[in-house]
file coords-v3.tsv (TSV, C-alpha atoms)
chain	number	residue	atom	x	y	z
A	26	ASP	CA	-10.68	-4.19	-4.78
A	27	PHE	CA	-12.15	-1.27	-6.70
A	28	GLU	CA	-11.68	0.31	-10.09
A	29	VAL	CA	-11.07	3.99	-10.79
A	30	ASN	CA	-12.10	5.22	-14.23
A	31	PHE	CA	-9.36	7.46	-15.64
A	32	ILE	CA	-10.79	7.54	-19.16
A	33	PRO	CA	-12.61	10.90	-18.76
A	34	ASP	CA	-9.31	12.56	-17.83
A	35	TYR	CA	-7.49	10.91	-20.73
A	36	LYS	CA	-10.24	12.19	-23.03
A	37	ILE	CA	-9.55	15.75	-21.89
A	38	LEU	CA	-5.90	15.38	-22.89
A	39	HIS	CA	-6.78	13.64	-26.17
A	40	ASP	CA	-9.33	16.30	-27.10
A	41	ALA	CA	-6.69	18.96	-26.39
A	42	GLY	CA	-4.49	17.38	-29.06
A	43	TYR	CA	-2.21	15.17	-26.98
A	44	ASN	CA	-1.32	11.56	-27.74
A	45	VAL	CA	-1.76	9.62	-24.49
A	46	LEU	CA	0.34	6.60	-23.47
A	47	THR	CA	-1.04	5.04	-20.30
A	48	TYR	CA	0.10	1.92	-18.46
A	49	ASP	CA	-0.43	0.03	-15.21
A	50	LEU	CA	2.44	0.02	-12.73
A	51	ARG	CA	3.77	-3.38	-11.66
A	52	ASN	CA	1.37	-5.28	-9.36
A	53	PHE	CA	-1.58	-3.17	-10.55
A	54	GLY	CA	-4.30	-3.62	-13.16
A	55	HIS	CA	-3.25	-5.76	-16.11
A	56	SER	CA	0.47	-5.58	-15.38
A	57	GLY	CA	2.25	-8.60	-13.98
A	58	ALA	CA	3.69	-9.03	-10.52
A	59	GLY	CA	7.10	-7.61	-9.75
A	60	ASN	CA	9.39	-7.73	-6.72
A	61	GLY	CA	7.32	-10.48	-5.16
A	62	GLY	CA	4.13	-8.43	-5.41
A	63	ILE	CA	5.52	-5.82	-3.01
A	64	ALA	CA	4.51	-2.18	-3.35
A	65	SER	CA	7.32	0.17	-2.36
A	66	GLY	CA	5.77	3.63	-2.44
A	67	GLY	CA	7.38	4.36	-5.81
A	68	ARG	CA	10.92	3.04	-5.38
A	69	PHE	CA	10.57	-0.23	-7.35
A	70	GLU	CA	7.78	1.34	-9.43
A	71	SER	CA	10.24	3.98	-10.65
A	72	ARG	CA	11.59	1.33	-13.01
A	73	ASP	CA	8.25	1.36	-14.82
A	74	VAL	CA	8.52	5.12	-15.36
A	75	VAL	CA	11.98	4.66	-16.88
A	76	GLY	CA	10.65	1.80	-19.02
A	77	SER	CA	7.70	3.85	-20.27
A	78	LEU	CA	10.04	6.66	-21.34
A	79	ALA	CA	12.24	4.19	-23.19
A	80	TYR	CA	9.19	2.73	-24.96
A	81	ALA	CA	7.77	6.14	-25.90
A	82	ARG	CA	11.08	7.30	-27.34
A	83	GLY	CA	11.45	4.10	-29.33
A	84	ALA	CA	7.89	4.00	-30.64
A	85	PHE	CA	7.40	7.75	-31.20
A	86	PRO	CA	10.89	9.24	-31.68
A	87	ASP	CA	9.68	12.56	-33.11
A	88	MET	CA	7.17	13.41	-30.37
A	89	THR	CA	7.67	15.81	-27.47
A	90	ILE	CA	7.15	14.11	-24.11
A	91	GLY	CA	5.42	15.46	-21.00
A	92	LEU	CA	4.45	13.45	-17.91
A	93	PHE	CA	1.07	13.34	-16.16
A	94	SER	CA	1.62	11.21	-13.07
A	95	ARG	CA	-0.97	10.35	-10.42
A	96	CYS	CA	-0.51	9.42	-6.77
A	97	LEU	CA	1.87	6.42	-6.64
A	98	GLY	CA	2.79	7.17	-10.24
A	99	CYS	CA	3.97	10.64	-9.21
A	100	ASN	CA	5.96	9.16	-6.33
A	101	ALA	CA	7.56	6.76	-8.82
A	102	THR	CA	8.41	9.65	-11.15
A	103	PHE	CA	10.22	11.50	-8.34
A	104	PHE	CA	12.26	8.37	-7.54
A	105	ALA	CA	12.95	7.72	-11.23
A	106	GLN	CA	14.28	11.26	-11.70
A	107	GLU	CA	16.48	10.80	-8.63
A	108	ARG	CA	17.84	7.40	-9.79
A	109	ARG	CA	18.08	7.92	-13.56
A	110	PRO	CA	18.15	11.65	-14.38
A	111	ASP	CA	19.73	10.82	-17.76
A	112	ARG	CA	16.44	9.21	-18.88
A	113	PHE	CA	14.58	12.51	-18.44
A	114	GLU	CA	16.60	14.49	-20.96
A	115	GLY	CA	14.21	16.32	-23.27
A	116	VAL	CA	11.10	15.67	-21.14
A	117	ARG	CA	9.27	18.99	-21.09
A	118	CYS	CA	7.39	18.91	-17.78
A	119	LEU	CA	5.72	16.93	-15.02
A	120	VAL	CA	2.13	17.39	-13.88
A	121	GLY	CA	1.84	15.53	-10.57
A	122	ALA	CA	-1.62	14.74	-9.20
A	123	GLN	CA	-1.90	13.95	-5.51
A	124	PRO	CA	1.52	12.47	-4.66
A	125	VAL	CA	1.45	11.07	-1.13
A	126	SER	CA	3.95	9.52	1.25
A	127	PRO	CA	3.07	5.93	2.24
A	128	GLY	CA	3.52	6.75	5.92
A	129	VAL	CA	1.03	9.61	5.68
A	130	ILE	CA	-1.72	7.71	3.88
A	131	THR	CA	-1.22	4.60	6.04
A	132	ALA	CA	-1.47	6.63	9.24
A	133	ARG	CA	-4.60	8.44	8.04
A	134	MET	CA	-6.33	5.20	7.04
A	135	LEU	CA	-5.50	3.49	10.32
A	136	LYS	CA	-6.61	6.47	12.37
A	137	LEU	CA	-9.95	6.59	10.55
A	138	SER	CA	-10.42	2.88	11.25
A	139	GLY	CA	-9.92	3.39	14.97
A	140	PHE	CA	-6.46	1.85	15.12
A	141	PRO	CA	-4.52	2.84	18.28
A	142	MET	CA	-1.92	5.22	16.87
A	143	ASP	CA	0.47	4.57	19.74
A	144	ARG	CA	1.07	1.24	17.97
A	145	PHE	CA	1.99	2.83	14.63
A	146	ALA	CA	5.67	2.08	15.20
A	147	ASP	CA	4.72	-1.61	15.06
A	148	VAL	CA	3.13	-1.02	11.65
A	149	GLU	CA	6.31	0.66	10.45
A	150	ARG	CA	8.41	-2.29	11.62
A	151	VAL	CA	6.17	-4.77	9.79
A	152	ALA	CA	6.30	-2.64	6.62
A	153	LYS	CA	10.10	-2.58	6.72
A	154	LEU	CA	10.27	-6.34	7.21
A	155	ALA	CA	8.02	-6.81	4.15
A	156	THR	CA	9.66	-4.25	1.85
A	157	SER	CA	13.18	-3.63	3.26
A	158	PHE	CA	12.32	0.10	3.27
A	159	SER	CA	11.21	2.30	6.14
A	160	MET	CA	8.16	4.52	5.66
A	161	GLU	CA	10.49	7.51	5.43
A	162	GLU	CA	12.59	5.81	2.75
A	163	MET	CA	9.42	5.21	0.70
A	164	SER	CA	8.41	8.87	0.91
A	165	PRO	CA	9.08	10.93	-2.24
A	166	VAL	CA	9.70	14.07	-0.16
A	167	HIS	CA	13.50	13.66	-0.23
A	168	ALA	CA	13.56	12.52	-3.86
A	169	ALA	CA	11.84	15.80	-4.80
A	170	LYS	CA	15.16	17.53	-4.14
A	171	LYS	CA	16.46	15.97	-7.38
A	172	MET	CA	13.52	17.00	-9.58
A	173	SER	CA	14.82	19.12	-12.45
A	174	LEU	CA	11.72	19.26	-14.67
A	175	PRO	CA	9.25	22.16	-14.65
A	176	THR	CA	6.79	20.66	-12.18
A	177	PHE	CA	3.18	21.33	-11.32
A	178	LEU	CA	1.73	19.63	-8.22
A	179	TYR	CA	-1.87	19.57	-7.10
A	180	GLN	CA	-3.96	17.75	-4.53
A	181	VAL	CA	-7.51	17.48	-3.23
A	182	ARG	CA	-8.35	19.93	-0.47
A	183	ASP	CA	-9.24	18.34	2.88
A	184	ASP	CA	-8.78	14.83	1.49
A	185	LEU	CA	-9.32	12.21	4.19
A	186	MET	CA	-6.32	10.12	3.13
A	187	THR	CA	-3.66	12.83	2.80
A	188	ASP	CA	-2.13	15.75	4.68
A	189	PRO	CA	-1.49	19.09	2.93
A	190	SER	CA	1.89	19.37	4.66
A	191	ASP	CA	3.07	16.27	2.78
A	192	VAL	CA	2.73	17.66	-0.74
A	193	GLN	CA	3.84	21.06	0.58
A	194	SER	CA	7.12	19.43	1.66
A	195	MET	CA	7.58	18.03	-1.83
A	196	PHE	CA	6.94	21.44	-3.34
A	197	ASP	CA	9.38	23.06	-0.92
A	198	ASN	CA	12.10	20.52	-1.79
A	199	ILE	CA	11.91	20.94	-5.58
A	200	PRO	CA	15.11	22.91	-6.24
A	201	ALA	CA	13.75	25.69	-8.45
A	202	ALA	CA	15.47	29.05	-8.03
A	203	ASP	CA	12.20	30.97	-8.08
A	204	LYS	CA	8.94	29.46	-6.90
A	205	ASP	CA	5.50	30.92	-6.46
A	206	LEU	CA	2.44	29.19	-5.14
A	207	PHE	CA	-0.86	30.04	-6.86
A	208	VAL	CA	-3.84	28.57	-5.03
A	209	GLN	CA	-7.38	28.14	-6.33
A	210	ASP	CA	-10.36	26.02	-5.31
A	211	LEU	CA	-11.68	23.88	-8.18
A	212	VAL	CA	-13.54	20.64	-8.81
A	213	GLY	CA	-11.35	17.74	-9.98
A	214	GLY	CA	-12.58	15.04	-12.34
A	215	ALA	CA	-14.62	14.93	-15.52
A	216	ASP	CA	-17.11	12.41	-14.12
A	217	PRO	CA	-19.63	14.30	-11.90
A	218	ALA	CA	-20.28	11.15	-9.87
A	219	ARG	CA	-16.59	10.98	-8.89
A	220	SER	CA	-15.55	14.64	-8.92
A	221	LEU	CA	-13.89	16.09	-5.84
A	222	PRO	CA	-13.33	19.62	-4.54
A	223	THR	CA	-9.67	20.40	-5.16
A	224	ARG	CA	-7.39	23.17	-3.93
A	225	VAL	CA	-4.70	23.71	-6.55
A	226	GLY	CA	-1.33	25.32	-5.86
A	227	THR	CA	1.00	26.12	-8.78
A	228	GLU	CA	4.36	27.81	-9.32
A	229	PHE	CA	3.31	29.82	-12.38
A	230	ALA	CA	0.13	31.66	-13.27
A	231	TRP	CA	-0.13	29.86	-16.64
A	232	HIS	CA	0.07	26.51	-14.84
A	233	SER	CA	-2.90	27.60	-12.77
A	234	LEU	CA	-4.82	28.50	-15.92
A	235	PHE	CA	-3.84	25.18	-17.54
A	236	ILE	CA	-5.09	23.11	-14.60
A	237	ARG	CA	-8.34	25.08	-14.47
A	238	ASN	CA	-8.97	24.09	-18.08
A	239	LEU	CA	-7.80	20.51	-17.44
call {"tool": "encode", "arguments": {"input": "coords-v3.tsv", "output": "structure tokens"}}
result
Amino acid sequence: DFEVNFIPDYKILHDAGYNVLTYDLRNFGHSGAGNGGIASGGRFESRDVVGSLAYARGAFPDMTIGLFSRCLGCNATFFAQERRPDRFEGVRCLVGAQPVSPGVITARMLKLSGFPMDRFADVERVAKLATSFSMEEMSPVHAAKKMSLPTFLYQVRDDLMTDPSDVQSMFDNIPAADKDLFVQDLVGGADPARSLPTRVGTEFAWHSLFIRNL
């Protein structure tokens, strides 16, 4: 187990004038177990996104809501939008950091460990037995087709655990009438000890400026 410190990033948002509601998804951090402790790539976790929106609207009814969703949290947001689009009425935007398909990250991790990739189909069978979902069904790529919010996606360049084509597929599937991709090479993270070189692609020029400041 390891701990990732998100506080420096929350501080950036707080200092910019935002109120920040943060929570642990089921089976992570201080949250309790759900669905038998099974992680589902965002499918079961999408219920936590819906729950957080319900809480925010009840506790802060006069505030405008935007979503900043990381990794599995971004996957969960895609699935939540697909399952319960009614709960996203009035949400202004989604900033999605490093969404990744479970099949992609699992394959990359196993390959780096020296696992014989001709046996990956066995891994997929075991995963489906444990979760009832195939790797493809746990990928947010198809759910991205239902995303109706103004969406900004970004990911680390040359990250060992991801593949640029994965997030590119999500971007391609978001059903916006007009899409542009603005790309810039930045450093992600407020903590110098944990910062990473990041290639950022955005639909709008102002999104690109926003993420540079973020």
call {"tool": "residues_around", "arguments": {"input": "coords-v3.tsv", "residues": "stretch 41-47 of chain A", "least_positions_apart": "3", "cutoff": "12 Å", "atoms": "only C-alpha atoms", "output": "ChimeraX atom specification"}}
result
/A:31-32,34-38,50,54-56,73-74,77-78,80-82,84-85,88-95,98,235,238-239
call {"tool": "atom_distance", "arguments": {"input": "coords-v3.tsv", "atom1": "atom CA of A:Val129", "atom2": "atom CA of A:Ser164"}}
result
8.8 Å
call {"tool": "residues_around", "arguments": {"input": "coords-v3.tsv", "residues": "stretch 195-198 of chain A", "least_positions_apart": "2", "cutoff": "10 Å", "atoms": "only C-alpha atoms", "output": "list of chain:residue names"}}
result
A:Phe103, A:Pro124, A:Val125, A:Ser126, A:Ser164, A:Pro165, A:Val166, A:His167, A:Ala168, A:Ala169, A:Lys170, A:Lys171, A:Met172, A:Thr176, A:Phe177, A:Leu178, A:Tyr179, A:Ser190, A:Asp191, A:Val192, A:Gln193, A:Pro200, A:Ala201, A:Lys204, A:Leu206, A:Gly226, A:Thr227, A:Glu228
call {"tool": "write_last_selection", "arguments": {"input": "coords-v3.tsv", "atoms": "C-alpha atoms", "output": "PDB file, in the coordinates of the input"}}
result
ATOM      1  CA  PHE A 103      10.220  11.500  -8.340  1.00  0.00           C
ATOM      2  CA  PRO A 124       1.520  12.470  -4.660  1.00  0.00           C
ATOM      3  CA  VAL A 125       1.450  11.070  -1.130  1.00  0.00           C
ATOM      4  CA  SER A 126       3.950   9.520   1.250  1.00  0.00           C
ATOM      5  CA  SER A 164       8.410   8.870   0.910  1.00  0.00           C
ATOM      6  CA  PRO A 165       9.080  10.930  -2.240  1.00  0.00           C
ATOM      7  CA  VAL A 166       9.700  14.070  -0.160  1.00  0.00           C
ATOM      8  CA  HIS A 167      13.500  13.660  -0.230  1.00  0.00           C
ATOM      9  CA  ALA A 168      13.560  12.520  -3.860  1.00  0.00           C
ATOM     10  CA  ALA A 169      11.840  15.800  -4.800  1.00  0.00           C
ATOM     11  CA  LYS A 170      15.160  17.530  -4.140  1.00  0.00           C
ATOM     12  CA  LYS A 171      16.460  15.970  -7.380  1.00  0.00           C
ATOM     13  CA  MET A 172      13.520  17.000  -9.580  1.00  0.00           C
ATOM     14  CA  THR A 176       6.790  20.660 -12.180  1.00  0.00           C
ATOM     15  CA  PHE A 177       3.180  21.330 -11.320  1.00  0.00           C
ATOM     16  CA  LEU A 178       1.730  19.630  -8.220  1.00  0.00           C
ATOM     17  CA  TYR A 179      -1.870  19.570  -7.100  1.00  0.00           C
ATOM     18  CA  SER A 190       1.890  19.370   4.660  1.00  0.00           C
ATOM     19  CA  ASP A 191       3.070  16.270   2.780  1.00  0.00           C
ATOM     20  CA  VAL A 192       2.730  17.660  -0.740  1.00  0.00           C
ATOM     21  CA  GLN A 193       3.840  21.060   0.580  1.00  0.00           C
ATOM     22  CA  PRO A 200      15.110  22.910  -6.240  1.00  0.00           C
ATOM     23  CA  ALA A 201      13.750  25.690  -8.450  1.00  0.00           C
ATOM     24  CA  LYS A 204       8.940  29.460  -6.900  1.00  0.00           C
ATOM     25  CA  LEU A 206       2.440  29.190  -5.140  1.00  0.00           C
ATOM     26  CA  GLY A 226      -1.330  25.320  -5.860  1.00  0.00           C
ATOM     27  CA  THR A 227       1.000  26.120  -8.780  1.00  0.00           C
ATOM     28  CA  GLU A 228       4.360  27.810  -9.320  1.00  0.00           C
TER      29      GLU A 228
END
call {"tool": "atom_distance", "arguments": {"input": "coords-v3.tsv", "atom1": "atom CA of A:Met142", "atom2": "atom CA of A:Gln180"}}
result
24.9 Å
call {"tool": "atom_distance", "arguments": {"input": "coords-v3.tsv", "atom1": "atom CA of A:Arg117", "atom2": "atom CA of A:Glu70"}}
result
21.2 Å
call {"tool": "residues_near_point", "arguments": {"input": "coords-v3.tsv", "point": "(13.4, 16.6, -13.5)", "cutoff": "7 Å", "atoms": "only C-alpha atoms", "output": "ChimeraX atom specification"}}
result
/A:106,110,113,171-174
call {"tool": "closest_residue", "arguments": {"input": "coords-v3.tsv", "among": "A:Asp216, A:Glu161, A:Lys136, A:Cys99", "to": "A:Leu119", "atoms": "all atoms listed in the file"}}
result
A:Cys99
call {"tool": "decode", "arguments": {"input": "coords-v3.tsv", "residues": "stretch 63-75 of chain A", "atoms": "all heavy atoms", "output": "compact mmCIF listing (two decimals), in the first residue's frame"}}
result
# COMPACT_ATOMS: atom_id res chain seq x y z
N ILE A 63 -14.79 -5.40 -4.18
CA ILE A 63 -14.38 -5.53 -5.58
C ILE A 63 -14.28 -4.16 -6.23
O ILE A 63 -15.19 -3.34 -6.15
CB ILE A 63 -15.39 -6.40 -6.35
CG1 ILE A 63 -15.33 -7.84 -5.86
CG2 ILE A 63 -15.13 -6.35 -7.85
CD1 ILE A 63 -16.42 -8.72 -6.41
N ALA A 64 -13.17 -3.92 -6.90
CA ALA A 64 -13.02 -2.73 -7.75
C ALA A 64 -13.49 -3.09 -9.15
O ALA A 64 -13.21 -4.18 -9.66
CB ALA A 64 -11.56 -2.27 -7.78
N SER A 65 -14.21 -2.17 -9.78
CA SER A 65 -14.85 -2.49 -11.06
C SER A 65 -14.49 -1.50 -12.16
O SER A 65 -15.22 -1.36 -13.14
CB SER A 65 -16.37 -2.54 -10.89
OG SER A 65 -16.86 -1.27 -10.49
N GLY A 66 -13.37 -0.80 -12.00
CA GLY A 66 -12.93 0.11 -13.05
C GLY A 66 -13.77 1.36 -13.18
O GLY A 66 -13.62 2.12 -14.14
N GLY A 67 -14.71 1.57 -12.25
CA GLY A 67 -15.55 2.76 -12.29
C GLY A 67 -17.04 2.45 -12.36
O GLY A 67 -17.87 3.33 -12.14
N ARG A 68 -17.41 1.21 -12.65
CA ARG A 68 -18.83 0.89 -12.81
C ARG A 68 -19.57 0.97 -11.47
O ARG A 68 -20.52 1.74 -11.32
CB ARG A 68 -19.00 -0.48 -13.46
CG ARG A 68 -18.43 -0.55 -14.87
CD ARG A 68 -18.77 -1.88 -15.53
NE ARG A 68 -20.20 -1.94 -15.82
CZ ARG A 68 -20.74 -1.69 -17.02
NH1 ARG A 68 -19.96 -1.35 -18.04
NH2 ARG A 68 -22.04 -1.79 -17.21
N PHE A 69 -19.14 0.19 -10.46
CA PHE A 69 -19.75 0.30 -9.14
C PHE A 69 -19.43 1.65 -8.51
O PHE A 69 -20.26 2.26 -7.83
CB PHE A 69 -19.26 -0.82 -8.22
CG PHE A 69 -19.72 -2.20 -8.60
CD1 PHE A 69 -18.90 -3.29 -8.43
CD2 PHE A 69 -21.00 -2.40 -9.11
CE1 PHE A 69 -19.32 -4.57 -8.77
CE2 PHE A 69 -21.44 -3.68 -9.45
CZ PHE A 69 -20.60 -4.76 -9.28
N GLU A 70 -18.21 2.14 -8.75
CA GLU A 70 -17.75 3.39 -8.15
C GLU A 70 -18.55 4.60 -8.65
O GLU A 70 -18.57 5.65 -8.02
CB GLU A 70 -16.26 3.59 -8.42
CG GLU A 70 -15.35 2.56 -7.77
CD GLU A 70 -15.23 1.26 -8.55
OE1 GLU A 70 -15.86 1.14 -9.64
OE2 GLU A 70 -14.50 0.36 -8.11
N SER A 71 -19.23 4.43 -9.78
CA SER A 71 -20.05 5.52 -10.32
C SER A 71 -21.16 5.91 -9.35
O SER A 71 -21.61 7.06 -9.34
CB SER A 71 -20.65 5.12 -11.66
OG SER A 71 -21.59 4.06 -11.52
N ARG A 72 -21.56 4.98 -8.50
CA ARG A 72 -22.59 5.28 -7.50
C ARG A 72 -22.09 6.32 -6.50
O ARG A 72 -22.88 7.11 -5.97
CB ARG A 72 -22.99 3.99 -6.78
CG ARG A 72 -23.56 2.93 -7.71
CD ARG A 72 -23.69 1.60 -7.03
NE ARG A 72 -24.15 0.55 -7.96
CZ ARG A 72 -24.21 -0.73 -7.65
NH1 ARG A 72 -23.88 -1.15 -6.45
NH2 ARG A 72 -24.62 -1.61 -8.56
N ASP A 73 -20.78 6.32 -6.24
CA ASP A 73 -20.22 7.29 -5.31
C ASP A 73 -20.21 8.69 -5.92
O ASP A 73 -20.35 9.69 -5.21
CB ASP A 73 -18.79 6.87 -4.91
CG ASP A 73 -18.76 5.49 -4.29
OD1 ASP A 73 -19.76 5.10 -3.66
OD2 ASP A 73 -17.75 4.79 -4.43
N VAL A 74 -20.02 8.77 -7.24
CA VAL A 74 -20.09 10.07 -7.92
C VAL A 74 -21.50 10.63 -7.80
O VAL A 74 -21.70 11.80 -7.45
CB VAL A 74 -19.68 9.93 -9.40
CG1 VAL A 74 -19.83 11.27 -10.12
CG2 VAL A 74 -18.26 9.41 -9.53
N VAL A 75 -22.49 9.78 -8.07
CA VAL A 75 -23.89 10.21 -7.96
C VAL A 75 -24.20 10.63 -6.52
O VAL A 75 -24.85 11.65 -6.28
CB VAL A 75 -24.83 9.08 -8.41
CG1 VAL A 75 -26.29 9.44 -8.13
CG2 VAL A 75 -24.64 8.80 -9.90
